[in-house]
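K.L.:
Provided herewith: entry.cif, mmCIF, C-alpha atoms.
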data_my_file
#
loop_
_atom_site.label_atom_id
_atom_site.label_comp_id
_atom_site.auth_asym_id
_atom_site.auth_seq_id
_atom_site.Cartn_x
_atom_site.Cartn_y
_atom_site.Cartn_z
CA MET A 11 174.01 68.17 114.93
CA SER A 12 172.52 71.09 113.12
CA GLY A 13 172.95 72.19 109.56
CA GLU A 14 172.58 75.75 108.34
CA GLY A 15 171.12 78.04 110.94
CA GLY A 16 172.52 75.92 113.76
CA LEU A 17 174.27 77.08 116.90
CA SER A 18 177.42 79.16 116.96
CA LEU A 19 180.38 77.76 118.86
CA GLN A 20 179.65 80.08 121.77
CA GLN A 21 176.01 78.95 121.90
CA ALA A 22 176.91 75.27 121.59
CA LEU A 23 179.51 75.65 124.35
CA ALA A 24 177.01 77.36 126.64
CA ALA A 25 174.48 74.58 126.08
CA LEU A 26 177.10 71.93 126.80
CA LEU A 27 178.15 73.64 130.02
CA GLU A 28 174.53 73.64 131.21
CA VAL A 29 174.44 69.86 130.81
CA ALA A 30 177.85 69.55 132.47
CA VAL A 31 176.62 71.42 135.55
CA ARG A 32 173.58 69.13 135.78
CA ALA A 33 175.85 66.10 135.49
CA GLY A 34 178.16 67.35 138.25
CA VAL A 35 181.10 67.94 135.90
CA GLU A 36 183.50 70.73 136.79
CA GLU A 37 182.67 73.56 134.40
CA ASN A 38 186.21 74.57 133.50
CA ARG A 39 187.14 70.97 132.69
CA ALA A 40 184.13 70.58 130.38
CA ARG A 41 184.93 73.92 128.69
CA THR A 42 188.58 73.06 128.08
CA GLU A 43 187.75 69.62 126.70
CA ALA A 44 184.98 70.95 124.43
CA LEU A 45 187.14 73.71 122.99
CA SER A 46 189.95 71.21 122.38
CA LEU A 47 187.54 69.05 120.39
CA ALA A 48 186.33 72.07 118.40
CA ALA A 49 189.91 73.07 117.59
CA ALA A 50 190.81 69.55 116.50
CA LEU A 51 187.85 69.44 114.12
CA ALA A 52 188.46 72.88 112.61
CA GLU A 53 192.27 73.07 112.59
CA SER A 54 192.51 72.80 108.78
CA ALA A 55 190.06 75.66 108.18
CA PRO A 56 191.73 79.00 107.30
CA GLY A 57 190.81 81.65 109.84
CA ALA A 58 189.51 79.15 112.41
CA PRO A 59 191.88 80.19 115.23
CA MET A 60 190.45 83.71 115.42
CA ASP A 61 186.83 82.52 115.46
CA TRP A 62 187.70 79.86 118.04
CA ALA A 63 189.34 82.43 120.31
CA LYS A 64 186.03 84.32 120.58
CA ALA A 65 184.74 81.44 122.71
CA PHE A 66 187.93 81.38 124.78
CA PRO A 67 188.67 85.02 125.80
CA GLY A 68 192.36 85.82 125.91
CA ALA A 69 193.33 82.79 123.82
CA THR A 70 196.03 83.07 121.16
CA THR A 71 196.53 81.33 117.82
CA GLN A 72 199.09 79.05 119.47
CA ASP A 73 196.49 78.15 122.13
CA PHE A 74 194.22 77.03 119.29
CA PHE A 75 196.79 74.68 117.81
CA ASP A 76 197.82 73.38 121.25
CA ALA A 77 194.17 72.63 121.96
CA ALA A 78 193.81 70.91 118.58
CA VAL A 79 196.66 68.54 119.42
CA ARG A 80 194.93 67.62 122.70
CA GLY A 81 191.55 67.19 121.03
CA ARG A 82 192.53 64.98 118.09
CA ARG A 83 192.04 61.84 120.17
CA TRP A 84 188.31 62.60 120.37
CA ARG A 85 187.72 62.96 116.63
CA GLY A 86 186.93 59.25 116.53
CA ALA A 87 186.25 58.39 120.18
CA PRO A 88 184.12 59.69 123.08
CA THR A 89 185.65 62.49 125.12
CA ALA A 90 187.02 61.80 128.59
CA VAL A 91 184.10 63.50 130.35
CA LEU A 92 181.53 61.63 128.27
CA THR A 93 183.34 58.34 128.93
CA GLU A 94 183.12 58.99 132.67
CA LEU A 95 179.40 59.81 132.43
CA VAL A 96 178.73 56.64 130.46
CA THR A 97 180.81 54.55 132.87
CA ALA A 98 178.95 56.01 135.85
CA GLY A 99 175.54 55.49 134.20
CA SER A 100 174.76 59.20 134.46
CA PRO A 101 171.23 60.16 133.36
CA GLU A 102 172.84 63.11 131.54
CA LYS A 103 175.06 61.00 129.29
CA ILE A 104 172.82 61.24 126.21
CA ALA A 105 172.21 64.96 126.69
CA TYR A 106 175.96 65.50 127.04
CA ALA A 107 176.68 63.45 123.90
CA GLU A 108 174.10 65.49 121.97
CA ALA A 109 175.66 68.71 123.23
CA LEU A 110 179.06 67.49 122.01
CA ALA A 111 177.53 66.66 118.63
CA GLU A 112 176.06 70.16 118.42
CA LEU A 113 179.47 71.55 119.30
CA ALA A 114 180.98 69.45 116.48
CA SER A 115 178.43 71.00 114.12
CA ALA A 116 179.30 74.49 115.35
CA SER A 117 182.97 73.75 114.61
CA CYS A 118 182.05 73.71 110.92
CA THR A 119 181.38 77.46 111.13
CA LEU A 120 184.89 78.37 112.28
CA GLY A 121 186.93 80.22 109.68
CA GLU A 122 186.31 79.54 106.00
CA PRO A 123 183.96 76.55 105.63
CA THR A 124 185.74 73.44 104.35
CA MET A 125 184.53 69.98 103.43
CA ARG A 126 187.30 68.43 105.48
CA VAL A 127 185.87 69.90 108.65
CA VAL A 128 182.41 68.58 107.74
CA GLY A 129 183.89 65.09 107.51
CA ASN A 130 185.73 65.48 110.81
CA ALA A 131 182.58 66.72 112.54
CA SER A 132 180.40 63.92 111.19
CA VAL A 133 182.68 61.15 112.43
CA ALA A 134 183.28 62.86 115.79
CA ALA A 135 179.56 63.42 116.39
CA ALA A 136 178.81 59.78 115.58
CA ALA A 137 181.48 58.63 118.05
CA GLN A 138 179.98 60.70 120.89
CA LEU A 139 176.42 59.62 120.18
CA GLN A 140 177.27 55.94 119.80
CA ALA A 141 179.13 55.92 123.11
CA ALA A 142 176.07 57.28 124.92
CA GLY A 143 173.51 55.15 123.10
CA ALA A 144 171.99 57.88 120.91
CA ARG A 145 171.63 57.35 117.16
CA PRO A 146 172.88 59.73 114.46
CA LEU A 147 170.66 60.68 111.53
CA GLN A 148 171.95 61.99 108.20
CA VAL A 149 170.02 64.97 106.83
CA ALA A 150 170.92 67.42 104.03
CA SER A 151 174.53 67.65 102.89
CA ALA A 152 175.94 67.97 106.39
CA PRO A 153 175.55 65.56 109.31
CA VAL A 154 172.69 66.18 111.72
CA VAL A 155 171.83 64.64 115.04
CA GLU A 156 168.56 63.01 115.86
CA LYS A 157 167.49 64.06 119.34
CA ALA A 158 167.66 61.28 121.85
CA VAL A 159 165.19 58.51 121.50
CA GLU A 160 163.03 57.84 124.50
CA GLN A 161 165.47 57.24 127.32
CA LYS A 162 165.53 53.67 128.53
CA PRO A 163 166.22 52.57 132.08
CA GLU A 164 169.90 52.41 132.87
CA GLU A 165 171.45 49.09 131.86
CA PRO A 166 173.22 47.10 134.55
CA ALA A 167 177.01 47.23 134.61
CA LYS A 168 178.61 44.89 132.10
CA THR A 169 180.11 41.64 133.29
CA VAL A 170 183.64 40.44 132.61
CA ASP A 171 182.33 37.98 130.02
CA GLU A 172 180.38 40.71 128.22
CA LEU A 173 183.40 42.99 128.10
CA LEU A 174 185.66 40.19 126.89
CA ALA A 175 183.09 39.46 124.18
CA GLU A 176 183.34 43.11 123.08
CA LEU A 177 187.10 42.72 122.95
CA ASP A 178 186.80 39.58 120.85
CA GLU A 179 184.51 41.39 118.39
CA LEU A 180 187.17 44.00 117.60
CA THR A 181 188.76 43.73 114.17
CA GLY A 182 192.15 41.95 114.20
CA LEU A 183 194.34 42.22 117.34
CA GLU A 184 194.53 38.46 117.89
CA ARG A 185 197.72 38.62 120.01
CA VAL A 186 196.22 41.40 122.10
CA LYS A 187 193.03 39.44 122.72
CA ARG A 188 194.95 36.35 123.86
CA GLU A 189 197.10 38.38 126.27
CA VAL A 190 194.15 40.25 127.78
CA HIS A 191 192.28 36.98 128.29
CA ARG A 192 195.38 35.53 129.98
CA GLN A 193 195.78 38.58 132.18
CA VAL A 194 192.13 38.43 133.23
CA ALA A 195 192.45 34.74 134.16
CA VAL A 196 195.53 35.41 136.30
CA LEU A 197 193.98 38.37 138.11
CA ARG A 198 190.70 36.53 138.67
CA VAL A 199 192.45 33.57 140.31
CA GLU A 200 194.63 35.89 142.40
CA LYS A 201 191.50 37.65 143.67
CA LEU A 202 189.80 34.33 144.50
CA ARG A 203 192.88 33.07 146.35
CA THR A 204 193.01 36.26 148.41
CA GLU A 205 189.31 35.95 149.27
CA ALA A 206 189.91 32.33 150.32
CA GLY A 207 192.66 33.41 152.70
CA LEU A 208 195.44 31.87 150.62
CA LYS A 209 198.81 33.43 149.99
CA SER A 210 199.10 34.98 146.58
CA PRO A 211 202.01 36.72 144.88
CA THR A 212 201.50 40.40 144.20
CA ILE A 213 200.79 40.69 140.48
CA THR A 214 201.16 44.11 138.94
CA ARG A 215 198.12 45.20 137.00
CA HIS A 216 199.86 48.00 135.12
CA LEU A 217 200.44 47.44 131.40
CA VAL A 218 202.65 48.57 128.54
CA PHE A 219 201.01 48.81 125.11
CA VAL A 220 203.43 48.95 122.17
CA GLY A 221 202.57 49.44 118.53
CA ASN A 222 202.22 51.94 115.72
CA PRO A 223 199.55 54.68 115.73
CA GLY A 224 195.94 53.71 115.17
CA THR A 225 196.24 50.07 116.21
CA GLY A 226 193.45 50.16 118.81
CA LYS A 227 195.46 50.81 121.97
CA THR A 228 193.02 53.36 123.42
CA THR A 229 190.00 51.20 122.59
CA VAL A 230 191.53 48.21 124.36
CA ALA A 231 192.56 50.37 127.33
CA ARG A 232 188.94 51.46 127.69
CA LEU A 233 187.79 47.83 127.73
CA VAL A 234 190.51 46.88 130.22
CA SER A 235 189.28 49.59 132.59
CA GLY A 236 185.78 48.12 132.46
CA ILE A 237 187.07 44.57 132.89
CA TYR A 238 189.13 45.49 135.95
CA LYS A 239 186.11 47.18 137.49
CA ALA A 240 183.94 44.14 136.79
CA LEU A 241 186.60 41.98 138.48
CA GLY A 242 186.34 44.20 141.55
CA LEU A 243 189.89 45.47 141.17
CA LEU A 244 188.86 49.08 140.50
CA SER A 245 186.07 51.08 142.13
CA LYS A 246 184.94 53.19 139.14
CA GLY A 247 186.43 51.92 135.88
CA GLN A 248 186.86 55.26 134.11
CA LEU A 249 189.62 55.85 131.55
CA ILE A 250 191.65 59.06 131.75
CA GLU A 251 193.75 59.54 128.62
CA VAL A 252 196.65 62.00 128.72
CA ASP A 253 199.93 62.79 127.02
CA ARG A 254 203.05 64.69 128.03
CA SER A 255 201.39 68.12 127.72
CA GLU A 256 198.85 67.24 130.41
CA LEU A 257 201.47 66.04 132.89
CA VAL A 258 204.32 68.52 132.47
CA ALA A 259 204.10 72.14 133.59
CA GLY A 260 206.17 75.13 132.54
CA TYR A 261 208.43 75.18 135.58
CA LEU A 262 210.15 72.63 137.77
CA GLY A 263 208.15 72.03 140.91
CA GLN A 264 204.84 72.68 139.16
CA THR A 265 205.06 69.44 137.21
CA ALA A 266 204.81 67.31 140.35
CA THR A 267 201.58 69.05 141.34
CA LYS A 268 200.13 68.82 137.85
CA THR A 269 200.95 65.12 137.53
CA ALA A 270 199.55 64.35 140.96
CA GLU A 271 196.29 66.08 140.05
CA VAL A 272 195.96 64.06 136.86
CA VAL A 273 196.62 60.82 138.75
CA ALA A 274 194.02 61.79 141.36
CA SER A 275 191.41 62.18 138.60
CA ALA A 276 192.15 58.62 137.46
CA VAL A 277 191.88 56.96 140.88
CA GLY A 278 189.31 54.20 140.68
CA GLY A 279 190.08 53.63 137.01
CA VAL A 280 192.82 53.56 134.40
CA LEU A 281 195.30 56.32 133.57
CA PHE A 282 196.34 55.91 129.92
CA ILE A 283 199.52 57.80 128.96
CA ASP A 284 200.09 57.95 125.22
CA GLU A 285 203.61 58.41 123.84
CA ALA A 286 204.87 57.98 127.39
CA TYR A 287 208.49 57.82 126.21
CA SER A 288 208.35 61.59 125.59
CA LEU A 289 208.55 62.03 129.37
CA THR A 290 212.09 60.72 129.74
CA ALA A 291 213.91 62.15 126.74
CA GLY A 292 213.44 65.24 124.61
CA ASP A 293 215.03 66.03 121.28
CA LEU A 294 218.33 66.87 122.98
CA GLY A 295 218.43 64.08 125.54
CA ALA A 296 217.48 64.04 129.22
CA ASP A 297 214.37 66.02 130.08
CA GLN A 298 214.23 67.13 133.70
CA TYR A 299 210.59 68.21 133.46
CA GLY A 300 209.53 64.83 132.12
CA ARG A 301 211.62 63.01 134.68
CA GLU A 302 209.92 64.99 137.44
CA ALA A 303 206.60 63.78 136.05
CA VAL A 304 207.85 60.17 136.01
CA ASP A 305 209.15 60.37 139.59
CA THR A 306 205.79 61.74 140.71
CA LEU A 307 203.94 59.09 138.73
CA VAL A 308 205.94 56.28 140.37
CA LYS A 309 205.20 57.66 143.85
CA GLU A 310 201.49 58.09 143.09
CA MET A 311 201.26 54.56 141.67
CA GLU A 312 202.66 53.21 144.92
CA ASP A 313 200.44 55.37 147.15
CA ARG A 314 197.29 54.50 145.18
CA ARG A 315 198.17 50.94 144.15
CA ASP A 316 194.91 49.47 145.48
CA ASP A 317 192.64 51.48 143.20
CA LEU A 318 194.62 52.65 140.18
CA VAL A 319 195.92 51.05 136.99
CA VAL A 320 198.35 52.84 134.68
CA ILE A 321 198.76 51.90 131.02
CA VAL A 322 201.62 53.48 129.08
CA ALA A 323 201.73 53.32 125.29
CA GLY A 324 203.97 54.14 122.35
CA TYR A 325 206.36 52.76 119.74
CA PRO A 326 208.14 49.52 120.82
CA GLU A 327 211.80 50.65 120.99
CA PRO A 328 211.23 54.05 122.67
CA MET A 329 208.92 52.38 125.20
CA ALA A 330 211.61 49.84 126.14
CA THR A 331 213.99 52.76 126.76
CA PHE A 332 211.30 54.57 128.77
CA ILE A 333 210.68 51.64 131.11
CA ALA A 334 214.41 51.12 131.64
CA ALA A 335 214.94 54.80 132.47
CA ASN A 336 213.51 54.50 135.99
CA PRO A 337 213.81 51.51 138.36
CA GLY A 338 210.35 52.26 139.71
CA LEU A 339 208.85 51.90 136.25
CA ALA A 340 210.66 48.63 135.55
CA SER A 341 209.30 47.07 138.74
CA ARG A 342 205.72 48.14 138.07
CA PHE A 343 205.36 47.50 134.35
CA ARG A 344 206.04 43.81 133.82
CA THR A 345 203.46 43.01 131.18
CA THR A 346 203.86 44.30 127.63
CA ILE A 347 201.17 43.79 125.00
CA ALA A 348 202.13 44.26 121.35
CA PHE A 349 199.60 45.69 118.88
CA ASP A 350 200.23 44.54 115.31
CA ASP A 351 199.49 46.65 112.25
CA TYR A 352 196.17 45.92 110.54
CA SER A 353 195.98 44.00 107.27
CA ASP A 354 194.19 45.42 104.23
CA ASP A 355 191.13 43.25 104.96
CA GLU A 356 191.03 44.44 108.56
CA LEU A 357 191.36 48.10 107.54
CA THR A 358 188.51 47.63 105.08
CA ASP A 359 186.37 46.18 107.88
CA ILE A 360 187.26 49.15 110.10
CA LEU A 361 186.34 51.64 107.37
CA THR A 362 183.01 49.86 106.84
CA GLY A 363 182.24 49.91 110.57
CA LEU A 364 183.08 53.59 110.87
CA SER A 365 180.88 54.50 107.93
CA GLU A 366 177.95 52.51 109.30
CA GLY A 367 178.41 54.23 112.66
CA ALA A 368 178.13 57.61 110.93
CA ASP A 369 175.07 56.39 108.94
CA TYR A 370 176.83 56.21 105.58
CA GLU A 371 176.97 53.30 103.14
CA LEU A 372 180.16 52.49 101.27
CA MET A 373 179.28 51.25 97.81
CA PRO A 374 181.20 48.20 96.49
CA GLU A 375 183.22 50.31 94.06
CA ALA A 376 184.20 52.60 96.96
CA LEU A 377 185.52 49.64 98.93
CA GLU A 378 187.49 48.52 95.90
CA ARG A 379 188.93 52.02 95.54
CA PHE A 380 189.93 51.96 99.21
CA ARG A 381 191.84 48.73 98.65
CA GLU A 382 193.66 50.37 95.75
CA ILE A 383 194.56 53.30 97.99
CA LEU A 384 195.92 50.91 100.62
CA ALA A 385 198.05 49.16 98.00
CA GLU A 386 199.51 52.52 96.95
CA THR A 387 200.22 53.74 100.50
CA PRO A 388 203.65 53.14 102.10
CA ARG A 389 203.54 51.33 105.45
CA GLY A 390 206.01 52.74 107.95
CA GLN A 391 205.86 53.91 111.55
CA SER A 392 203.93 56.98 110.47
CA PHE A 393 201.14 54.95 108.83
CA GLY A 394 197.97 55.55 110.82
CA ASN A 395 196.31 52.09 110.63
CA GLY A 396 192.77 52.54 111.98
CA ARG A 397 193.38 56.28 112.08
CA PHE A 398 194.17 56.14 108.36
CA ALA A 399 190.78 54.51 107.76
CA ARG A 400 189.06 57.17 109.83
CA ASN A 401 190.85 59.99 108.03
CA THR A 402 189.89 58.43 104.70
CA LEU A 403 186.23 58.38 105.72
CA GLU A 404 186.35 61.97 106.98
CA ALA A 405 187.79 63.14 103.66
CA ALA A 406 185.25 61.05 101.73
CA ILE A 407 182.38 62.63 103.66
CA GLY A 408 183.74 66.05 102.72
CA ARG A 409 183.96 65.11 99.03
CA HIS A 410 180.49 63.56 99.22
CA ALA A 411 179.07 66.84 100.50
CA TRP A 412 180.95 68.74 97.78
CA ARG A 413 179.56 66.37 95.12
CA LEU A 414 176.01 67.09 96.31
CA ARG A 415 176.51 70.84 96.62
CA ASP A 416 174.23 71.65 93.66
CA VAL A 417 171.61 68.95 94.33
CA THR A 418 168.61 70.82 95.69
CA ALA A 419 166.69 67.85 97.09
CA PRO A 420 168.96 64.80 97.38
CA THR A 421 167.37 61.43 98.07
CA THR A 422 168.11 59.46 101.23
CA ASP A 423 170.30 57.09 99.20
CA GLN A 424 172.26 60.01 97.78
CA LEU A 425 172.76 61.36 101.30
CA ARG A 426 174.04 58.02 102.58
CA GLN A 427 176.02 56.48 99.74
CA ILE A 428 179.78 57.00 99.49
CA LEU A 429 180.95 56.39 95.91
CA ALA A 430 184.40 55.52 94.58
CA GLU A 431 184.87 59.10 93.38
CA ASP A 432 184.42 60.30 96.98
CA LEU A 433 187.65 58.51 97.90
CA SER A 434 189.68 60.26 95.19
CA ASP A 435 190.70 63.75 94.22
CA ASP A 436 189.93 63.22 90.53
CA HIS A 437 187.26 65.94 90.48
CA PRO A 438 187.47 69.56 91.66
CA ALA A 439 187.50 69.86 95.43
CA PRO A 440 188.51 72.41 98.04
CA LYS A 441 192.24 72.60 98.69
CA ASP A 442 191.94 71.13 102.16
CA LEU A 443 190.97 67.77 100.65
CA THR A 444 193.91 67.55 98.29
CA SER A 445 196.78 68.72 100.47
CA GLU A 446 196.27 66.85 103.69
CA ASP A 447 198.60 64.93 105.91
CA PRO A 448 197.17 61.37 105.93
CA GLU A 449 198.24 60.74 109.52
CA THR A 450 196.98 63.85 111.30
CA GLY A 451 194.24 65.03 108.98
CA VAL A 452 195.83 68.49 109.01
CA GLY A 453 195.70 70.41 105.77
CA GLU A 454 198.67 72.33 104.51
CA SER A 455 197.04 75.73 104.77
CA SER A 456 199.30 78.63 105.73
CA ASP A 457 197.56 78.89 109.11
CA VAL A 458 198.63 75.39 110.04
CA ASN A 459 202.15 75.45 108.65
CA GLU A 460 203.05 78.79 110.19
CA GLN A 461 202.25 77.38 113.59
CA GLY A 462 204.50 74.37 113.09
CA VAL A 463 201.91 71.79 114.14
CA GLU A 464 203.56 68.43 114.67
CA ALA A 465 202.39 65.47 112.59
#
Spit out the file's structure as structure tokens when you get a sec.
P.N.:
Amino acid sequence: MSGEGGLSLQQALAALLEVAVRAGVEENRARTEALSLAAALAESAPGAPMDWAKAFPGATTQDFFDAAVRGRRWRGAPTAVLTELVTAGSPEKIAYAEALAELASASCTLGEPTMRVVGNASVAAAAQLQAAGARPLQVASAPVVEKAVEQKPEEPAKTVDELLAELDELTGLERVKREVHRQVAVLRVEKLRTEAGLKSPTITRHLVFVGNPGTGKTTVARLVSGIYKALGLLSKGQLIEVDRSELVAGYLGQTATKTAEVVASAVGGVLFIDEAYSLTAGDLGADQYGREAVDTLVKEMEDRRDDLVVIVAGYPEPMATFIAANPGLASRFRTTIAFDDYSDDELTDILTGLSEGADYELMPEALERFREILAETPRGQSFGNGRFARNTLEAAIGRHAWRLRDVTAPTTDQLRQILAEDLSDDHPAPKDLTSEDPETGVGESSDVNEQGVEA
């Protein structure tokens, strides 16, 4: 990712689309995803919507905020296209990750520069590069990307044991790990019995993930997709993550087509539907658009049952209501996995891992300050868990850059070390660091509030 004098958003987007074409990715899909990521990174910057729209002719301010909502999931995780390229072993995966990192850098130029956006961009760039096997390098007061190291031969596909080992290395989630291991054992034996010509009951592979935000549901879904592929139950193993907005269209009749297209893109892998309960009930009760999406989903799951897994996720009680709302759902989703909230120790481990991934070092006093922040923070359904740790790091990176603003030639240690003061607002900082929603990372600037962005 470039510092001053880097690419504009339009230039970064053009470079990314060149890589997408080489990788065989549909150009419009890559453009939409990239601009959603850019909007999510820059949504707290005053004036960003107008600058963003220059790269998306005909776009409105509302389009910017709608795109930001879609792109938030990629602030700390690889984008859907990059995930598919990595899963497929594409030779363009590193180039695509670098192009995404450059696009994250260009997002810092949208609107009035803010330290919050710098933090967002740093963490997002690190997530893309790590997923593809490229390494981030920290230079100057803003994150920069080291061009890909010499490309190694493609690694062989991971085995079930290797993927389960990755699962076991995740922080916390002990109940989740036990249930996934159990599920893998059952499916493995079922497959062996079928191959041996024995009768075997049909075991649904679809899953329900319940838990509060930021508890690792998407990360585990990504591992499950790889595990099912390694078991020979899926042909590709990609993860397609969507929410209501990507399934429901503006008119009845269009929703069925839109949902079917999304399901088709997930065939061979896992379709992950976050906040799935929003499909069956709106603020005022029954939602005919969402129900059309659910009816279509049930039909597509049946038609493509041999090469598709669907995972639905959300809060426990609304998800129970969602599954009960349609007999087809109840018969297909028989396994529910509960994701517990993280403890303070686990959140500290997550924060440390995220900082190391972005090539920062949290000093001991910074870790102690983070524990104090956790003790002061209420824990309800809106608490972000791992997302809270990520948002804390993003804000700390912004304050770190602000602290070094007058240092002409900072040392490598200064560029890497996050101090306790970087986790607090005790010294002057831009407004976007002091008036931020801890769950969404959205600042309370007039641009954001006037658009009514949901938390």
K.L.:
Skipping near chain neighbours, those fewer than 6 positions away, what residues fall within 10 Å of segment 347-363 of chain A using all atoms listed in the file, listed as a ChimeraX atom specification?
P.N.:
/A:180-190,217-227,323,325-326,369-373,377-378,380-382,384-385,389-391,393-403
K.L.:
With the PyMOL selection byres ((chain A and resi 136) around 8) as the selection, what would be picked from this file? Answer as a ChimeraX atom specification, please.
P.N.:
/A:111,132-135,137-140,145-146,367-368
K.L.:
Apply the PyMOL selection byres ((chain A and resi 283) around 7) to the file shown and report the selected residues as a PyMOL selection string.
P.N.:
chain A and resi 251-253+281-282+284-286+321-323
K.L.:
Would you kindly translate the PyMOL selection byres ((chain A and resi 55) around 7) into the concrete residues it picks from this file, as JSON, numbers by chain?
P.N.:
{"A": [52, 53, 54, 56, 57, 58, 121, 122, 123, 124]}
K.L.:
Any chance you can output those residues with C-alpha atoms as a PDB file, in the coordinates of the input?
P.N.:
ATOM      1  CA  ALA A  52     188.460  72.880 112.610  1.00  0.00           C
ATOM      2  CA  GLU A  53     192.270  73.070 112.590  1.00  0.00           C
ATOM      3  CA  SER A  54     192.510  72.800 108.780  1.00  0.00           C
ATOM      4  CA  PRO A  56     191.730  79.000 107.300  1.00  0.00           C
ATOM      5  CA  GLY A  57     190.810  81.650 109.840  1.00  0.00           C
ATOM      6  CA  ALA A  58     189.510  79.150 112.410  1.00  0.00           C
ATOM      7  CA  GLY A 121     186.930  80.220 109.680  1.00  0.00           C
ATOM      8  CA  GLU A 122     186.310  79.540 106.000  1.00  0.00           C
ATOM      9  CA  PRO A 123     183.960  76.550 105.630  1.00  0.00           C
ATOM     10  CA  THR A 124     185.740  73.440 104.350  1.00  0.00           C
TER      11      THR A 124
END
K.L.:
Dump as a tab-separated table the rows for residues of segment 44-142 of chain A within 12 Å of segment 20-33 of chain A: closest atom pair and distance in Å with one decimal, only C-alpha atoms counted, ordered by chain and rising residue number.
P.N.:
residue	atom	partner	partner_atom	distance
A:Ala44	CA	A:Leu23	CA	7.2
A:Leu45	CA	A:Leu23	CA	8.0
A:Ser46	CA	A:Leu23	CA	11.5
A:Leu47	CA	A:Leu23	CA	11.1
A:Ala48	CA	A:Leu23	CA	9.7
A:Asp61	CA	A:Gln20	CA	9.9
A:Trp62	CA	A:Gln20	CA	8.9
A:Ala63	CA	A:Gln20	CA	10.1
A:Lys64	CA	A:Gln20	CA	7.8
A:Ala65	CA	A:Gln20	CA	5.4
A:Phe66	CA	A:Gln20	CA	8.9
A:Pro67	CA	A:Gln20	CA	11.0
A:Val91	CA	A:Ala30	CA	9.0
A:Leu92	CA	A:Ala30	CA	9.7
A:Glu94	CA	A:Ala33	CA	10.6
A:Leu95	CA	A:Ala33	CA	7.8
A:Val96	CA	A:Ala33	CA	11.1
A:Ala98	CA	A:Ala33	CA	10.6
A:Gly99	CA	A:Ala33	CA	10.7
A:Ser100	CA	A:Ala33	CA	7.1
A:Pro101	CA	A:Ala33	CA	7.8
A:Glu102	CA	A:Ala33	CA	5.8
A:Lys103	CA	A:Ala33	CA	8.1
A:Ile104	CA	A:Val29	CA	9.9
A:Ala105	CA	A:Val29	CA	6.8
A:Tyr106	CA	A:Val29	CA	6.0
A:Ala107	CA	A:Leu26	CA	9.0
A:Glu108	CA	A:Leu26	CA	8.6
A:Ala109	CA	A:Leu26	CA	5.0
A:Leu110	CA	A:Leu26	CA	6.8
A:Ala111	CA	A:Ala22	CA	9.1
A:Glu112	CA	A:Ala22	CA	6.1
A:Leu113	CA	A:Ala22	CA	5.1
A:Ala114	CA	A:Ala22	CA	8.7
A:Ser115	CA	A:Ala22	CA	8.7
A:Ala116	CA	A:Ala22	CA	6.7
A:Ser117	CA	A:Ala22	CA	9.4
A:Cys118	CA	A:Ala22	CA	11.9
A:Thr119	CA	A:Gln20	CA	11.1
A:Leu120	CA	A:Gln20	CA	11.0
K.L.:
As a list in words, please: the residues near Thr97 of chain A (cut-off 12 Å, only C-alpha atoms, same-chain neighbours under 6 positions excluded).
P.N.:
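What passes the distance filter is Pro88, Ala90, Val91, Lys103, Ala141, Ala142, Glu164, Glu165, Pro166, Ala167, Lys168, Arg232, Leu233, Ser235, Gly236, Ile237, Lys239, Ala240, Ser245, Lys246, Gly247, Gln248, Leu249, Ile250, Gly278 and Gly279 of chain A.
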K.L.:
Measure the distance from atom CA of Asp305 of chain A to atom CA of Thr346 of chain A in Å and round it to one decimal.
P.N.:
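Going from atom CA of Asp305 of chain A over to atom CA of Thr346 of chain A covers 20.7 Å.
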K.L.:
Between atom CA of Asn130 of chain A and atom CA of Leu425 of chain A, what is the spacing in Å?
P.N.:
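Result for atom CA of Leu425 of chain A versus atom CA of Asn130 of chain A: 16.6 Å, one decimal.
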K.L.:
Please, which residues are within 6 Å of (194.5, 53.9, 136.1) by the file's coordinates, counting all atoms listed in the file, and could they come as a PyMOL selection string?
P.N.:
chain A and resi 276+279-281+318-320
K.L.:
Given the point (181.9, 68.8, 99.6) in the coordinates of this file, which residues lie within 9 Å, counting all atoms listed in the file, and how would they look as JSON, numbers by chain?
P.N.:
{"A": [124, 125, 126, 128, 129, 151, 406, 407, 408, 409, 410, 411, 412, 413, 414, 415, 439, 440]}
K.L.:
Write out the residues from the selection above, keeping C-alpha atoms, as a CSV table (one decimal), in the frame of the given file.
P.N.:
chain,number,residue,atom,x,y,z
A,124,THR,CA,185.7,73.4,104.4
A,125,MET,CA,184.5,70.0,103.4
A,126,ARG,CA,187.3,68.4,105.5
A,128,VAL,CA,182.4,68.6,107.7
A,129,GLY,CA,183.9,65.1,107.5
A,151,SER,CA,174.5,67.6,102.9
A,406,ALA,CA,185.2,61.0,101.7
A,407,ILE,CA,182.4,62.6,103.7
A,408,GLY,CA,183.7,66.0,102.7
A,409,ARG,CA,184.0,65.1,99.0
A,410,HIS,CA,180.5,63.6,99.2
A,411,ALA,CA,179.1,66.8,100.5
A,412,TRP,CA,181.0,68.7,97.8
A,413,ARG,CA,179.6,66.4,95.1
A,414,LEU,CA,176.0,67.1,96.3
A,415,ARG,CA,176.5,70.8,96.6
A,439,ALA,CA,187.5,69.9,95.4
A,440,PRO,CA,188.5,72.4,98.0
K.L.:
May I ask for the distance between atom CA of Arg254 of chain A and atom CA of Glu302 of chain A, given in Å to one decimal place?
P.N.:
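Computing it gives 11.7 Å between the two atoms.
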